Amino acid sequence: MSTSAPAVAGSRQPSADVRGEAARRRTFAVISHPDAGKSTLTEALALHARVIGSAGAVHGKAGRRGTVSDWMDMERDRGISITSAALQFAYRDAVVNLLDTPGHADFSEDTYRVLTAVDAAVMLVDAAKGLETQTMKLFAVCKHRGIPIITVVNKWDRPGMDALALMDEIAERTGLTPTPLTWPVGIAGDFRGVLDRRDGSYRHFTRTAGGATIAPEEVFPADQALAREGDAWTQAVEEAELLAETGAEHDQELFLAGATTPVLFASAVSNFGVGQLLDVLVDLAPAPADRPDADGQPYPLDAPFSAFVFKVQAGMDTGHRDRLAYIRVCSGVFERGMVVTNASTGRPFATKYAQQVFGRDRETIETAWPGDVVGLVNAAALGVGDTLFVDRPVRYPPVTTFAPEHFAVARVADTSKYKQFRKGIDTLAGEGVVQVLISERRGDGSPVFAVVGPMQFEVASHRMEHEFGARISLDSLPYSLAMRTDEASVPAITASSGTEVMQRADGELLALFTTKWVMGMVREKPGVTLEPLIAAQLG
Ligand code: G4P
């Protein structure tokens with residue numbers, strides 16, 4: 001189903017090859033609220049790039065239960081994929097890496113972490129609903145990281161908002177200036193095609209049965225478009241003129257700087273506008289660039305191989321205690337079998353088993369270039385944020401932890417299993433499955449799990465019981481937000497009710513609050529320092 005770059009001989013690549021291969025890569029993720037159509041769009045992209053014969057082969061909704069990774073009973077029962085991986089395909093002369101984000105309604109830090117490994121994001125918006133909460137949260141992370149964003153207004157085949165009103169909403173809520181590249185012909189619910197603002201032509205789409213094959217597109221000059229579509233065309237032209245007057249034109253520099261967002265209109269389910277999205281990704285989205293190391297110095301793409309771990313997934317196969325670490329290649333060429341050094345431990349790691357994973361499909365990877373994602377099997381020694389390199393030492397910045405919004409006290413059900421309990425907690429904290437907080441009030445026998453999405457609690461409980469043999473109970477705490485604080489602020493914070501201060505495993509002091517209102521009150525007290533953790537609470 002996927003394509004990999006041709007195998008190469010020898011382990012030293014001329015730097016021209018590395019830069020050339022990197023320049024062909026486009027590595028991105030789709031950020032959206034559940035049900036906006038991310039899975040449908042993923043299939044449609046794969047269909048367009050001819051990865052698969054017809055939509056549905058990757059993970060169509062109907063077939064999703066059977067096709068997603070089923071590494072955990074829990075996951076299979078719900079027909080969801082908790083895990084993220086990458087789909088790679090060739091399009092034109094480019095190699096596109098689409099990093100998958102968990103598709104369930106609840107979401108977790110995994111979703112955020114994927115965004116540390118992409119060079120661009122596609123913000124998928126439901127035409128009827130506009131910008132929804134999870135979209136805004138993920139947008140905030142992209143903005144924080146300076147990731148350029150392409151906006152796709154989806155479901156234009158269904159009644160929805162007015163296109164200009166949608167542009168206003170995007171501008172107001174994200175602060176980005178929308179610069180539509182296409183403009184819909186026909187209101188939401190009557191999607192006939194798009195006016196291509198770049199050359200004024202009309203692209204007419206033809207629906208195919210069930211959207212199972214690529215929708216044929218015909219291009220007409222403006223006068224023929226008017227004859228075909230009448231008022232719908234006139235309205236599109238008028239609105240496009242209005243856009244031009246407000247200066248909503250694409251500017252590559254402003255887009256890359258995160259000030260503007262190109263907008264496309266689409267119907268993923270009918271495959272309308274999908275080919276244009278691929279073209280825009282290839283033409284406008286940035287290729288991998290020299291990545292700043294932990295000291296902020298750009299590490300050259302054509303330096304020897306380096307990568308960082310953005311996700312670790314354990315327990316995929318309980319029989320084998322299988323553990324996969326997903327790395328994003330940052331420099332040089334990856335060749336399966338090479339022995340790399342883990343910058344965190346200084347230890348070598350042999351990459352004998354390297355795979356490309358999407359849903360249930362796994363394929364051995366021989367070679368990978370900057371921007372590509374590789375799943376390393378048997379990666380017990382690798383943790384999220386670890387840097388791997390050969391020859392020339394480098395260390396990338398640690399992968400950020402995000403502001404937790406759910407908190408629960410963990411207790412071991414059978415006290416004779418305390419040792420297993422401790423080991424499990426340390427492992428889960430190390431992998432970043434949950435953040436572990438200790439409060440003086442509760443003692444370290446009752447650690448507090450702090451998570452971004454409640455699904456992480458279930459994953460942690462399941463693993464504590466099945467992997468470490470320590471069943472736990474979780475009692476949720478009434479807090480909903482956490483801020484970074486310092487020792488000096490603690491007495492003033494804890495004097496208010498609805499607060500508690502805890503220490504995270506990395507030493508950070510976190511102040512927890514039941515509500516934003518309580519936090520606001522505490523923040524007003526003299527001498528109290530509260531700093532936001534990253535982005536996650538926007539929206
Ligand atoms: P997600 O991964 O973002 O959660 O969304 P997903 O692709 O599963 O799509 C959610 C629902 O929206 C699906 O309908 C899907 O068919 C529908 N959908 C996606 N894109 C479009 C579009 O462009 N136009 C229209 N009209 N619908 C779209 P469902 O009823 O939940 O599933 P199904 O029975 O249709 O498969």
# chains A, B, ... in the order shown; residues from 1 in each chain; ligands from 1
call {"tool": "residues_around", "arguments": {"residues": "Pro300 in chain A", "least_positions_apart": "6", "cutoff": "12 Å", "atoms": "only C-alpha atoms", "output": "JSON, numbers by chain"}}
result
{"A": [15, 18, 19, 22, 288, 289, 290, 291, 292, 293, 306, 330, 331, 332, 370, 392, 394]}
call {"tool": "write_last_selection", "arguments": {"atoms": "C-alpha atoms", "output": "PDB file, in the first residue's frame"}}
result
ATOM      1  CA  SER A  15      24.743  15.209   0.667  1.00  0.00           C
ATOM      2  CA  VAL A  18      19.869  13.791   1.152  1.00  0.00           C
ATOM      3  CA  ARG A  19      18.932  17.370   0.337  1.00  0.00           C
ATOM      4  CA  ALA A  22      14.323  15.880   1.738  1.00  0.00           C
ATOM      5  CA  PRO A 288      11.878  19.293   5.898  1.00  0.00           C
ATOM      6  CA  ALA A 289      14.505  21.867   6.819  1.00  0.00           C
ATOM      7  CA  ASP A 290      17.576  21.890   9.078  1.00  0.00           C
ATOM      8  CA  ARG A 291      16.055  21.191  12.480  1.00  0.00           C
ATOM      9  CA  PRO A 292      17.132  23.229  15.504  1.00  0.00           C
ATOM     10  CA  ASP A 293      18.930  21.126  18.105  1.00  0.00           C
ATOM     11  CA  SER A 306      19.606  11.691  13.180  1.00  0.00           C
ATOM     12  CA  CYS A 330      15.677  14.764  10.811  1.00  0.00           C
ATOM     13  CA  SER A 331      18.964  14.402   8.921  1.00  0.00           C
ATOM     14  CA  GLY A 332      20.860  11.982   6.756  1.00  0.00           C
ATOM     15  CA  PRO A 370      14.393  13.459   6.416  1.00  0.00           C
ATOM     16  CA  ARG A 392      28.022  13.001  14.902  1.00  0.00           C
ATOM     17  CA  VAL A 394      23.247  15.720  18.339  1.00  0.00           C
TER      18      VAL A 394
END
call {"tool": "residues_around", "arguments": {"residues": "Leu164 in chain A", "least_positions_apart": "5", "cutoff": "10 Å", "atoms": "only C-alpha atoms", "output": "list of chain:residue names"}}
result
A:Glu169, A:Ile170, A:Trp183, A:Glu239, A:Ala240, A:Leu242, A:Leu243
call {"tool": "write_last_selection", "arguments": {"atoms": "C-alpha atoms", "output": "short mmCIF file (atom, residue, chain, number, x, y, z; two decimals), in the first residue's frame"}}
result
data_model
loop_
_atom_site.label_atom_id
_atom_site.label_comp_id
_atom_site.auth_asym_id
_atom_site.auth_seq_id
_atom_site.Cartn_x
_atom_site.Cartn_y
_atom_site.Cartn_z
CA GLU A 169 -14.73 33.11 11.82
CA ILE A 170 -11.31 31.74 10.87
CA TRP A 183 -13.82 29.55 -3.92
CA GLU A 239 -17.32 37.06 -3.63
CA ALA A 240 -13.87 36.40 -5.05
CA LEU A 242 -14.62 41.01 -2.47
CA LEU A 243 -11.83 38.81 -1.18
#
call {"tool": "select_by_dssp", "arguments": {"residues": "range 288-419 of chain A", "states": "helix (DSSP H, G or I)", "output": "list in words"}}
result
Thr415, Ser416, Lys417, Tyr418 and Lys419 of chain A
call {"tool": "residues_around", "arguments": {"residues": "range 471-487 of chain A", "least_positions_apart": "3", "cutoff": "9 Å", "atoms": "only C-alpha atoms", "output": "ChimeraX atom specification"}}
result
/A:403-414,417,421,448-449,457,461-466,468,490-491,498-501,508-516,519,528-533,537
call {"tool": "closest_residue", "arguments": {"among": "A:Ser416, A:Gln88, A:Asn154, A:Ser496", "to": "ligand 1", "atoms": "only C-alpha atoms and all ligand atoms"}}
result
A:Asn154
call {"tool": "residues_near_ligand", "arguments": {"ligand": "ligand 1", "cutoff": "7 Å", "atoms": "only C-alpha atoms and all ligand atoms", "output": "ChimeraX atom specification"}}
result
/A:32-41,60-62,103-104,154-158,266-270
call {"tool": "residues_around", "arguments": {"residues": "range 227-230 of chain A", "least_positions_apart": "6", "cutoff": "10 Å", "atoms": "only C-alpha atoms", "output": "NGL selection string"}}
result
:A and (185-186 or 192-193 or 202 or 204 or 220)
call {"tool": "closest_residue", "arguments": {"among": "A:Pro159, A:Pro262, A:Glu172, A:Met167", "to": "Ala188 in chain A", "atoms": "only C-alpha atoms"}}
result
A:Pro159
call {"tool": "residues_around", "arguments": {"residues": "Gln252 in chain A", "least_positions_apart": "5", "cutoff": "12 Å", "atoms": "only C-alpha atoms", "output": "list in words"}}
result
Pro148, Ile149, Ile150, Thr179, Ala257, Gly258, Ala259, Thr260, Thr261, Pro262, Val280, Asp283, Leu284, Ala285 and Pro286 of chain A
call {"tool": "write_last_selection", "arguments": {"atoms": "C-alpha atoms", "output": "mmCIF file, in the first residue's frame"}}
result
data_model
loop_
_atom_site.group_PDB
_atom_site.id
_atom_site.type_symbol
_atom_site.label_atom_id
_atom_site.label_comp_id
_atom_site.auth_asym_id
_atom_site.auth_seq_id
_atom_site.Cartn_x
_atom_site.Cartn_y
_atom_site.Cartn_z
ATOM 1 C CA PRO A 148 2.127 26.515 8.692
ATOM 2 C CA ILE A 149 -1.547 25.632 8.293
ATOM 3 C CA ILE A 150 -3.599 24.898 5.195
ATOM 4 C CA THR A 179 -6.307 33.424 1.737
ATOM 5 C CA ALA A 257 5.519 32.531 8.931
ATOM 6 C CA GLY A 258 2.130 31.375 10.256
ATOM 7 C CA ALA A 259 0.345 34.655 9.518
ATOM 8 C CA THR A 260 -1.976 33.447 6.763
ATOM 9 C CA THR A 261 -3.693 30.207 5.855
ATOM 10 C CA PRO A 262 -4.522 29.151 2.292
ATOM 11 C CA VAL A 280 -1.196 22.654 -2.632
ATOM 12 C CA ASP A 283 3.501 23.275 -4.175
ATOM 13 C CA LEU A 284 3.235 25.282 -0.956
ATOM 14 C CA ALA A 285 3.824 23.181 2.174
ATOM 15 C CA PRO A 286 7.420 23.323 3.388
#
call {"tool": "residues_around", "arguments": {"residues": "range 372-386 of chain A", "least_positions_apart": "5", "cutoff": "7 Å", "atoms": "only C-alpha atoms", "output": "tab-separated table (two decimals) with C-alpha atoms, in the first residue's frame"}}
result
chain	number	residue	atom	x	y	z
A	86	ALA	CA	2.13	7.40	9.18
A	97	ASN	CA	3.94	11.49	4.73
A	308	PHE	CA	13.87	11.78	17.42
A	309	VAL	CA	11.25	9.56	18.99
A	310	PHE	CA	7.83	11.26	18.97
A	311	LYS	CA	5.75	8.34	20.07
A	312	VAL	CA	6.18	5.06	21.87
A	322	ASP	CA	6.15	-5.79	21.50
A	323	ARG	CA	7.08	-2.15	21.75
A	324	LEU	CA	7.24	0.28	18.88
A	325	ALA	CA	9.00	3.61	18.87
A	326	TYR	CA	8.11	6.00	16.07
A	327	ILE	CA	10.92	8.22	14.93
A	328	ARG	CA	10.97	11.13	12.59
A	329	VAL	CA	14.10	11.30	10.52
A	342	ASN	CA	20.54	7.03	21.85
A	343	ALA	CA	21.64	10.51	22.94
A	344	SER	CA	19.80	10.22	26.27
A	351	THR	CA	17.56	-0.95	13.98
A	353	TYR	CA	13.30	-4.24	12.66
A	354	ALA	CA	12.11	-1.06	11.04
A	355	GLN	CA	8.58	-0.71	9.81
A	356	GLN	CA	6.09	1.56	8.29
A	357	VAL	CA	2.84	1.23	10.17
A	398	PRO	CA	12.70	17.36	24.50
A	399	VAL	CA	9.19	16.61	23.29
A	430	GLY	CA	8.72	7.47	31.29
A	431	GLU	CA	6.79	6.62	28.14
A	432	GLY	CA	4.59	9.66	28.62
call {"tool": "closest_residue", "arguments": {"among": "A:Met455, A:Val152, A:Ile187, A:Ala215", "to": "Val30 in chain A", "atoms": "only C-alpha atoms"}}
result
A:Val152
call {"tool": "residues_around", "arguments": {"residues": "range 276-279 of chain A", "least_positions_apart": "4", "cutoff": "12 Å", "atoms": "only C-alpha atoms", "output": "VMD selection string"}}
result
chain A and resid 26 to 28 30 41 to 42 44 to 49 89 to 98 121 to 124 150 to 154 181 to 182 193 to 196 203 205 215 217 262 to 268 271 to 272 283 to 285
call {"tool": "closest_residue", "arguments": {"among": "A:Val522, A:Val390, A:Leu226, A:Ala505", "to": "Ile493 in chain A", "atoms": "only C-alpha atoms"}}
result
A:Val522
call {"tool": "atom_distance", "arguments": {"atom1": "CA of Val333 in chain A", "atom2": "CA of Val114 in chain A"}}
result
21.1 Å
call {"tool": "closest_residue", "arguments": {"among": "A:Ala127, A:Ala294, A:Ala209, A:Ala222", "to": "Ala163 in chain A", "atoms": "only C-alpha atoms"}}
result
A:Ala127
call {"tool": "select_by_dssp", "arguments": {"residues": "range 134-353 of chain A", "states": "strand (DSSP E)", "output": "PyMOL selection string"}}
result
chain A and resi 149-154+177-180+182-185+193-196+201-205+217-220+260-265+291-292+298-299+306-314+323-331+334-335+339-342+348-350
call {"tool": "atom_distance", "arguments": {"atom1": "CA of Thr116 in chain A", "atom2": "CA of Lys137 in chain A"}}
result
14.5 Å
